[in-house]
Structures are given as structure tokens and as C-alpha cells.
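A.B. asks: If you scroll down you'll find the structure; I have some questions about it.
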Amino acid sequence: MNNRREFIKMSLGAASILGLGGMTESAFAHHSKIEKNNFKMLYAPHFGMFKHSAGDDLFDQLQFMADNGFMALEDNGMLARPVETQKKIGETLTKLGMKMGVFVIDGGENWKISLASGKPEFKENFLKTCRASVETAKRCNAKYMTVVPGFFERKLPIGIQTANVIDAYRRACDIFEPHGLVMVMEPLSDTPDLFLQNSDQSYLICKAVNSPSCKILFDMWHMQRNEGEMTRNMDLVWDEIGYFQIGDEPGRKEPTTGEINYNFLFKHIHDKAKANNQEFIMGMEHGNMFPGKEGEQKLIKAYVQSDNF
């Protein structure tokens, strides 16, 4: 970055010598990149988060993310994107030195009674979507994919529902393991109808599935709403966590806009991961608190502040 600024200054000097003294550094400002943040962890924005600064083009947005120090991406809707777009995203991430975070495995049954019921049609549709997800993951260089088991089947005892989910996830791991892919199950807080809601419940399922391809997505916004005591609870289930997501409460916006002390949590995750020789992608699965370009700059500053430990 400093080299580029020196280059601009040198170019301006040369222009002046050649008699182009009317041109100033501000005339070149739109060509220069802003100072790149050296974040300690792999914070992963999503498409649309910086559209006012970078425009609507997905690949301009990726460049903007990288220019600002965000070295990962997550894209929940990747599975539904055209094949060529998936490939180009993967190629662009490689070029920029960025990593791909999660996309969502969704065959249309994540928000209804499905896997907990044990019905074969739901299981087969889930497994069909898992097989398609393998190909998507290859195209965009993804390793992690979000899975959601759907709603409670309240006609069945909870133990039977849990066994049904475990069985479906074991079958999915048979698909993912040969490719080194990992599905991360996400306990959610959106509605009490959701079967998977807590980190200890997710931990139990991971232990029962017993596969490196089945881990926990610890979304700190959902976990603040459902159970609190996040450092204690993430430590209890740490060996089964594969991925983190971020969102402040209330509002599900960027860090510093709510009650969660993300500076403390980021340091805890960073130090524990470093001690265990681990690296996590930190998905920025939240909205922007403030509108427009100014709001996007405030979001970046919030991450700089929260990463300052």
C-alpha cells in the first residue's frame, strides 16, 4: 500500500516536470486503494454489504473486500447461483488470496418439518441437495456448508427426532467425507419451531454422528438470544466448532452497535484458536446499521475497533 502511494506521488511529480502542473494528487485519488486493514482473523462479508462503495458487480465487491483487509467471503445463496458464476467466484477468490466461507445447503425444506420427522422423502431430498453441494463447493473452493434440520415434529418424542436427525447427518457425512468437506449445523433463534436451538444439543449430535464432516456453526447472535454465557458455552463445545458467525443484539448488525462485547469475544476466539493451532472463518452474517457509503465505512471501522486486541 505504501509503495502504491509513493508511486502516485512520484507520478504527480513527473507530471509537473512535463508541464502538467494543473493536475493534483486529488485528481488521481479515485485510482488509489485505501489503507488495507491487517485483521487478525478471517472476517467474511457477504455480497451486498459494500454495494454502495463498490457497486453492484459481485467481483468489484470482492475486490473492495480484499482491499479493505477482509480475506474471506460467505454467500448463503451460492448453491442457487449459475455454474459459471460459482466458478468465477472461486477463481476470483483464489486470485485475491481470499477464502470461501459457508453457503447454505437448502433443498427447500429448512424452514418446515423435515429431518426430525424421519420421513424418507425429506431425507432423500436432503441427501440429493448434499450431492449437488459437493459440486458447488468444488467450483467456488468452499469447505464449509451450513445445514439446518428444520422444525420440530411435535408428534414424536424428542429422542426419536434427535435420532432421525443423527441418521440423516451420518448419511450426509458419507457424501462429504471423501471430498474433505464439512457441514456445519447451525442452532437458530428465529422461531421456537426450530428443532436445533442450542450449542449443547448440537454438540450431542456431532458426537453421535462422529465424523470430521459434521461440526457446529456457532452463530454468536443466535447464541446470545438463546443461551448467553457465550465464552463458557463455546468452550464447552469447542472441539466440535467448525465455523463462527457474527451479529450484534439487538438488531443483528455489526459489532459495537448492540450489547455484545465482540472485542472480548474475538480475542477469546483468536487466542484459543492460536493455542490449538486452528483457524476459523468468521462469517459477517448481519446487516449494516447505517445506510450508504458512510454506513459501510462505519461498519469497517467497527471491525477495526473490535479486532484491536
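So you can find residues: chains in the C-alpha cells are A, B, ... in the order shown, residues in each start at 1, and ligands are numbered from 1 in order.
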For the structure I just gave you, how does DSSP split segment 39-182 of chain A - specifically, which residues are strand (DSSP E)? Reply as an mmCIF file with C-alpha atoms, in the first residue's frame.

C.D. replies:
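Wrote out_18.cif, looks like this:
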data_model
loop_
_atom_site.group_PDB
_atom_site.id
_atom_site.type_symbol
_atom_site.label_atom_id
_atom_site.label_comp_id
_atom_site.auth_asym_id
_atom_site.auth_seq_id
_atom_site.Cartn_x
_atom_site.Cartn_y
_atom_site.Cartn_z
ATOM 1 C CA LEU A 42 -10.679 -14.147 8.633
ATOM 2 C CA TYR A 43 -13.761 -11.924 8.790
ATOM 3 C CA ALA A 44 -16.069 -12.831 5.907
ATOM 4 C CA ALA A 72 -12.859 -14.367 3.271
ATOM 5 C CA LEU A 73 -16.366 -14.392 1.805
ATOM 6 C CA LYS A 99 -11.038 -17.988 1.393
ATOM 7 C CA MET A 100 -14.606 -19.117 0.810
ATOM 8 C CA PHE A 103 -23.038 -21.420 1.723
ATOM 9 C CA VAL A 104 -26.354 -22.961 2.780
ATOM 10 C CA TYR A 144 -17.917 -25.427 4.885
ATOM 11 C CA MET A 145 -21.655 -25.623 4.246
ATOM 12 C CA THR A 146 -24.487 -24.701 6.607
ATOM 13 C CA VAL A 147 -27.123 -27.302 7.429
ATOM 14 C CA VAL A 182 -17.621 -30.104 6.343
#

A.B. asks: Hey, what's within 7 Å of Phe309 of chain A if we count only C-alpha atoms and toss same-chain stuff fewer than 2 positions away? As a PyMOL selection string, please?

C.D. replies: chain A and resi 263+267+307

A.B. asks: Could you tell me how far atom CA of Ser199 of chain A lies from atom CA of Leu79 of chain A, in Å and to one decimal?

C.D. replies: 25.8 Å

A.B. asks: Please, what distance in Å, to one decimal, runs between atom CA of Val148 of chain A and atom CA of Asp200 of chain A?

C.D. replies: 15.6 Å

A.B. asks: If I take atom CA of His286 of chain A and atom CA of Asp219 of chain A, how far is one from the other in Å, to one decimal?

C.D. replies: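 Computing it gives 10.6 Å between the two atoms.
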